[in-house]
Amino acid sequence: MALFRSLADPARLAIVHELARGERRIVDLTKALGLAQSTVSAHVACLRGCGLVDLRPVGRQSLYRLTQPALLGVLAAAEQLLAETGTAVDLCPNYGTEHTSGNEVPA
């Protein structure tokens, strides 16, 4: 579950998608995502802490890359599942975006 929580943040998910295209520097990610350098660095640090991203030093720069190519398959499967279930996940009383019962099951 921690994997999906870490990828639930739109910025981290966007970083993963950018890194799926190849190695990137923080400045490259900052430009591509339109986010502050400090924000991108913090999200990359989180992904590194999870073991999903690593770096390769090149001179005074660092190139970041995905460490787990299988992650792309997981994301593709999740996107397909969401496409097939439509709004059913959003309407789920336990995990949807509208929690009203107070009896939600912890994620």
# chains A, B, ... in the order shown; residues from 1 in each chain; ligands from 1
$ residues_around --residues "Ala11 (chain A)" --least-positions-apart "3" --cutoff "9 Å" --atoms "only C-alpha atoms" --output "PyMOL selection string"
chain A and resi 7-8+14-16+33+35+39-40+43
$ select_by_dssp --residues "chain A" --states "helix (DSSP H, G or I)" --output "CSV table (one decimal) with N, CA and C atoms, in the first residue's frame"
chain,number,residue,atom,x,y,z
A,2,ALA,N,2.0,1.2,0.6
A,2,ALA,CA,2.9,2.4,0.7
A,2,ALA,C,3.3,2.8,-0.7
A,3,LEU,N,3.5,1.8,-1.6
A,3,LEU,CA,3.9,2.1,-3.0
A,3,LEU,C,2.8,3.0,-3.6
A,4,PHE,N,1.5,2.6,-3.5
A,4,PHE,CA,0.5,3.4,-4.1
A,4,PHE,C,0.3,4.8,-3.4
A,5,ARG,N,0.5,4.8,-2.1
A,5,ARG,CA,0.4,6.1,-1.5
A,5,ARG,C,1.5,7.1,-2.0
A,6,SER,N,2.7,6.5,-2.2
A,6,SER,CA,3.8,7.4,-2.6
A,6,SER,C,3.5,7.8,-4.1
A,7,LEU,N,2.8,7.1,-4.9
A,7,LEU,CA,2.5,7.4,-6.2
A,7,LEU,C,1.2,8.2,-6.4
A,10,PRO,N,0.4,13.7,-7.4
A,10,PRO,CA,0.5,14.0,-8.8
A,10,PRO,C,1.9,14.4,-9.2
A,11,ALA,N,2.6,15.1,-8.4
A,11,ALA,CA,4.0,15.5,-8.8
A,11,ALA,C,4.9,14.3,-8.8
A,12,ARG,N,4.8,13.4,-7.9
A,12,ARG,CA,5.7,12.2,-7.9
A,12,ARG,C,5.3,11.3,-9.1
A,13,LEU,N,4.1,11.2,-9.4
A,13,LEU,CA,3.7,10.4,-10.5
A,13,LEU,C,4.2,11.0,-11.8
A,14,ALA,N,4.1,12.3,-11.9
A,14,ALA,CA,4.6,13.0,-13.1
A,14,ALA,C,6.2,12.8,-13.2
A,15,ILE,N,6.9,12.8,-12.1
A,15,ILE,CA,8.3,12.6,-12.1
A,15,ILE,C,8.6,11.2,-12.6
A,16,VAL,N,7.8,10.2,-12.2
A,16,VAL,CA,8.0,8.8,-12.6
A,16,VAL,C,7.8,8.7,-14.1
A,17,HIS,N,6.7,9.4,-14.6
A,17,HIS,CA,6.5,9.4,-16.1
A,17,HIS,C,7.6,10.0,-16.8
A,18,GLU,N,8.1,11.1,-16.3
A,18,GLU,CA,9.3,11.8,-17.0
A,18,GLU,C,10.5,10.8,-17.0
A,19,LEU,N,10.8,10.2,-15.9
A,19,LEU,CA,11.9,9.3,-15.8
A,19,LEU,C,11.7,8.1,-16.6
A,20,ALA,N,10.5,7.7,-16.9
A,20,ALA,CA,10.2,6.6,-17.8
A,20,ALA,C,10.8,6.8,-19.2
A,26,ILE,N,17.6,17.2,-12.2
A,26,ILE,CA,16.6,17.9,-11.4
A,26,ILE,C,16.1,19.1,-12.3
A,27,VAL,N,17.0,19.9,-12.9
A,27,VAL,CA,16.6,21.0,-13.7
A,27,VAL,C,15.7,20.6,-14.9
A,28,ASP,N,16.0,19.5,-15.4
A,28,ASP,CA,15.1,19.0,-16.5
A,28,ASP,C,13.7,18.7,-16.0
A,29,LEU,N,13.6,18.0,-14.9
A,29,LEU,CA,12.3,17.7,-14.3
A,29,LEU,C,11.6,19.0,-13.9
A,30,THR,N,12.3,20.0,-13.4
A,30,THR,CA,11.7,21.3,-13.0
A,30,THR,C,11.1,21.9,-14.2
A,31,LYS,N,11.8,22.0,-15.3
A,31,LYS,CA,11.3,22.6,-16.5
A,31,LYS,C,10.1,21.8,-17.0
A,32,ALA,N,10.2,20.5,-17.1
A,32,ALA,CA,9.1,19.7,-17.7
A,32,ALA,C,7.9,19.8,-16.8
A,33,LEU,N,8.0,19.9,-15.5
A,33,LEU,CA,6.8,19.8,-14.7
A,33,LEU,C,6.3,21.2,-14.2
A,37,GLN,N,12.3,24.0,-7.9
A,37,GLN,CA,13.5,23.0,-7.8
A,37,GLN,C,13.4,22.3,-6.4
A,38,SER,N,13.1,23.1,-5.4
A,38,SER,CA,13.0,22.5,-4.1
A,38,SER,C,11.9,21.4,-4.0
A,39,THR,N,10.8,21.7,-4.7
A,39,THR,CA,9.7,20.7,-4.7
A,39,THR,C,10.1,19.5,-5.4
A,40,VAL,N,10.7,19.6,-6.6
A,40,VAL,CA,11.1,18.5,-7.4
A,40,VAL,C,12.1,17.7,-6.6
A,41,SER,N,13.1,18.3,-6.0
A,41,SER,CA,14.1,17.7,-5.2
A,41,SER,C,13.5,16.9,-4.1
A,42,ALA,N,12.6,17.4,-3.4
A,42,ALA,CA,11.9,16.7,-2.3
A,42,ALA,C,11.2,15.5,-2.8
A,43,HIS,N,10.5,15.6,-3.9
A,43,HIS,CA,9.8,14.4,-4.4
A,43,HIS,C,10.7,13.4,-4.9
A,44,VAL,N,11.8,13.8,-5.6
A,44,VAL,CA,12.8,12.8,-6.0
A,44,VAL,C,13.4,12.1,-4.8
A,45,ALA,N,13.7,12.9,-3.8
A,45,ALA,CA,14.3,12.3,-2.5
A,45,ALA,C,13.3,11.2,-2.0
A,46,CYS,N,12.0,11.5,-2.0
A,46,CYS,CA,11.0,10.5,-1.5
A,46,CYS,C,11.1,9.3,-2.4
A,47,LEU,N,11.1,9.4,-3.7
A,47,LEU,CA,11.1,8.3,-4.6
A,47,LEU,C,12.4,7.5,-4.4
A,48,ARG,N,13.5,8.2,-4.2
A,48,ARG,CA,14.8,7.5,-3.9
A,48,ARG,C,14.7,6.7,-2.6
A,49,GLY,N,14.1,7.3,-1.6
A,49,GLY,CA,13.9,6.6,-0.3
A,49,GLY,C,13.1,5.4,-0.4
A,70,ALA,N,9.7,-2.6,-13.7
A,70,ALA,CA,8.4,-3.2,-13.5
A,70,ALA,C,7.3,-2.2,-13.0
A,71,LEU,N,7.8,-1.1,-12.5
A,71,LEU,CA,6.8,-0.1,-12.0
A,71,LEU,C,6.0,0.4,-13.2
A,72,LEU,N,6.6,0.5,-14.4
A,72,LEU,CA,5.8,1.0,-15.5
A,72,LEU,C,4.7,0.1,-15.9
A,73,GLY,N,4.9,-1.2,-15.7
A,73,GLY,CA,3.9,-2.2,-15.9
A,73,GLY,C,2.8,-2.1,-14.9
A,74,VAL,N,3.1,-1.9,-13.7
A,74,VAL,CA,2.1,-1.7,-12.6
A,74,VAL,C,1.3,-0.5,-12.9
A,75,LEU,N,1.9,0.6,-13.3
A,75,LEU,CA,1.1,1.8,-13.6
A,75,LEU,C,0.2,1.6,-14.8
A,76,ALA,N,0.7,0.9,-15.8
A,76,ALA,CA,-0.1,0.7,-17.0
A,76,ALA,C,-1.3,-0.2,-16.7
A,77,ALA,N,-1.1,-1.2,-15.8
A,77,ALA,CA,-2.2,-2.0,-15.4
A,77,ALA,C,-3.2,-1.2,-14.6
A,78,ALA,N,-2.7,-0.4,-13.7
A,78,ALA,CA,-3.6,0.5,-12.9
A,78,ALA,C,-4.4,1.4,-13.8
A,79,GLU,N,-3.8,2.0,-14.8
A,79,GLU,CA,-4.5,2.9,-15.7
A,79,GLU,C,-5.6,2.1,-16.5
A,80,GLN,N,-5.2,0.9,-16.9
A,80,GLN,CA,-6.2,0.1,-17.6
A,80,GLN,C,-7.4,-0.3,-16.7
A,81,LEU,N,-7.1,-0.6,-15.5
A,81,LEU,CA,-8.1,-1.0,-14.5
A,81,LEU,C,-9.1,0.2,-14.3
A,82,LEU,N,-8.5,1.4,-14.1
A,82,LEU,CA,-9.3,2.6,-13.9
A,82,LEU,C,-10.1,2.9,-15.1
A,83,ALA,N,-9.6,2.7,-16.3
A,83,ALA,CA,-10.3,3.0,-17.5
A,83,ALA,C,-11.5,2.0,-17.6
A,84,GLU,N,-11.3,0.8,-17.2
A,84,GLU,CA,-12.4,-0.2,-17.3
A,84,GLU,C,-13.5,-0.1,-16.2
A,85,THR,N,-13.1,0.5,-15.0
A,85,THR,CA,-14.1,0.6,-14.0
A,85,THR,C,-14.7,2.0,-13.9
A,88,ALA,N,-16.4,3.9,-10.8
A,88,ALA,CA,-16.7,3.0,-9.7
A,88,ALA,C,-15.7,3.3,-8.5
A,89,VAL,N,-14.5,3.5,-8.8
A,89,VAL,CA,-13.5,3.7,-7.7
A,89,VAL,C,-13.8,5.0,-7.0
A,90,ASP,N,-14.2,6.1,-7.7
A,90,ASP,CA,-14.5,7.3,-7.1
A,90,ASP,C,-15.8,7.2,-6.2
A,91,LEU,N,-16.7,6.3,-6.6
A,91,LEU,CA,-17.9,6.2,-5.9
A,91,LEU,C,-17.8,5.2,-4.7
$ atom_distance --atom1 "CA of Leu55 (chain A)" --atom2 "CA of Arg24 (chain A)"
9.3 Å
$ select_by_dssp --residues "chain A" --states "strand (DSSP E or B)" --output "PyMOL selection string"
chain A and resi 24+53-58+61-66
$ write_last_selection --atoms "N, CA and C atoms" --output "PDB file, in the first residue's frame"
ATOM      1  N   ARG A  24      17.090  11.992 -16.241  1.00  0.00           N
ATOM      2  CA  ARG A  24      16.843  13.425 -16.195  1.00  0.00           C
ATOM      3  C   ARG A  24      17.594  14.038 -15.018  1.00  0.00           C
ATOM      4  N   VAL A  53      13.833   5.280  -7.477  1.00  0.00           N
ATOM      5  CA  VAL A  53      14.682   6.166  -8.269  1.00  0.00           C
ATOM      6  C   VAL A  53      16.092   6.132  -7.697  1.00  0.00           C
ATOM      7  N   ASP A  54      17.063   6.225  -8.577  1.00  0.00           N
ATOM      8  CA  ASP A  54      18.454   6.323  -8.151  1.00  0.00           C
ATOM      9  C   ASP A  54      19.138   7.369  -9.012  1.00  0.00           C
ATOM     10  N   LEU A  55      20.361   7.706  -8.659  1.00  0.00           N
ATOM     11  CA  LEU A  55      21.084   8.709  -9.420  1.00  0.00           C
ATOM     12  C   LEU A  55      22.408   8.165  -9.912  1.00  0.00           C
ATOM     13  N   ARG A  56      22.894   8.818 -10.968  1.00  0.00           N
ATOM     14  CA  ARG A  56      24.196   8.505 -11.538  1.00  0.00           C
ATOM     15  C   ARG A  56      24.939   9.825 -11.650  1.00  0.00           C
ATOM     16  N   PRO A  57      26.022   9.965 -10.872  1.00  0.00           N
ATOM     17  CA  PRO A  57      26.775  11.214 -10.964  1.00  0.00           C
ATOM     18  C   PRO A  57      27.509  11.318 -12.298  1.00  0.00           C
ATOM     19  N   VAL A  58      27.432  12.505 -12.898  1.00  0.00           N
ATOM     20  CA  VAL A  58      28.138  12.802 -14.136  1.00  0.00           C
ATOM     21  C   VAL A  58      28.798  14.165 -13.923  1.00  0.00           C
ATOM     22  N   GLN A  61      27.031  17.037 -11.936  1.00  0.00           N
ATOM     23  CA  GLN A  61      25.590  16.851 -12.038  1.00  0.00           C
ATOM     24  C   GLN A  61      25.204  15.429 -11.647  1.00  0.00           C
ATOM     25  N   SER A  62      23.919  15.245 -11.443  1.00  0.00           N
ATOM     26  CA  SER A  62      23.371  13.918 -11.172  1.00  0.00           C
ATOM     27  C   SER A  62      22.239  13.659 -12.147  1.00  0.00           C
ATOM     28  N   LEU A  63      22.262  12.486 -12.736  1.00  0.00           N
ATOM     29  CA  LEU A  63      21.177  12.047 -13.605  1.00  0.00           C
ATOM     30  C   LEU A  63      20.343  11.031 -12.835  1.00  0.00           C
ATOM     31  N   TYR A  64      19.046  11.264 -12.790  1.00  0.00           N
ATOM     32  CA  TYR A  64      18.131  10.389 -12.059  1.00  0.00           C
ATOM     33  C   TYR A  64      17.452   9.435 -13.030  1.00  0.00           C
ATOM     34  N   ARG A  65      17.189   8.236 -12.548  1.00  0.00           N
ATOM     35  CA  ARG A  65      16.566   7.209 -13.375  1.00  0.00           C
ATOM     36  C   ARG A  65      15.692   6.306 -12.508  1.00  0.00           C
ATOM     37  N   LEU A  66      14.762   5.638 -13.158  1.00  0.00           N
ATOM     38  CA  LEU A  66      13.949   4.639 -12.462  1.00  0.00           C
ATOM     39  C   LEU A  66      14.800   3.406 -12.205  1.00  0.00           C
TER      40      LEU A  66
END
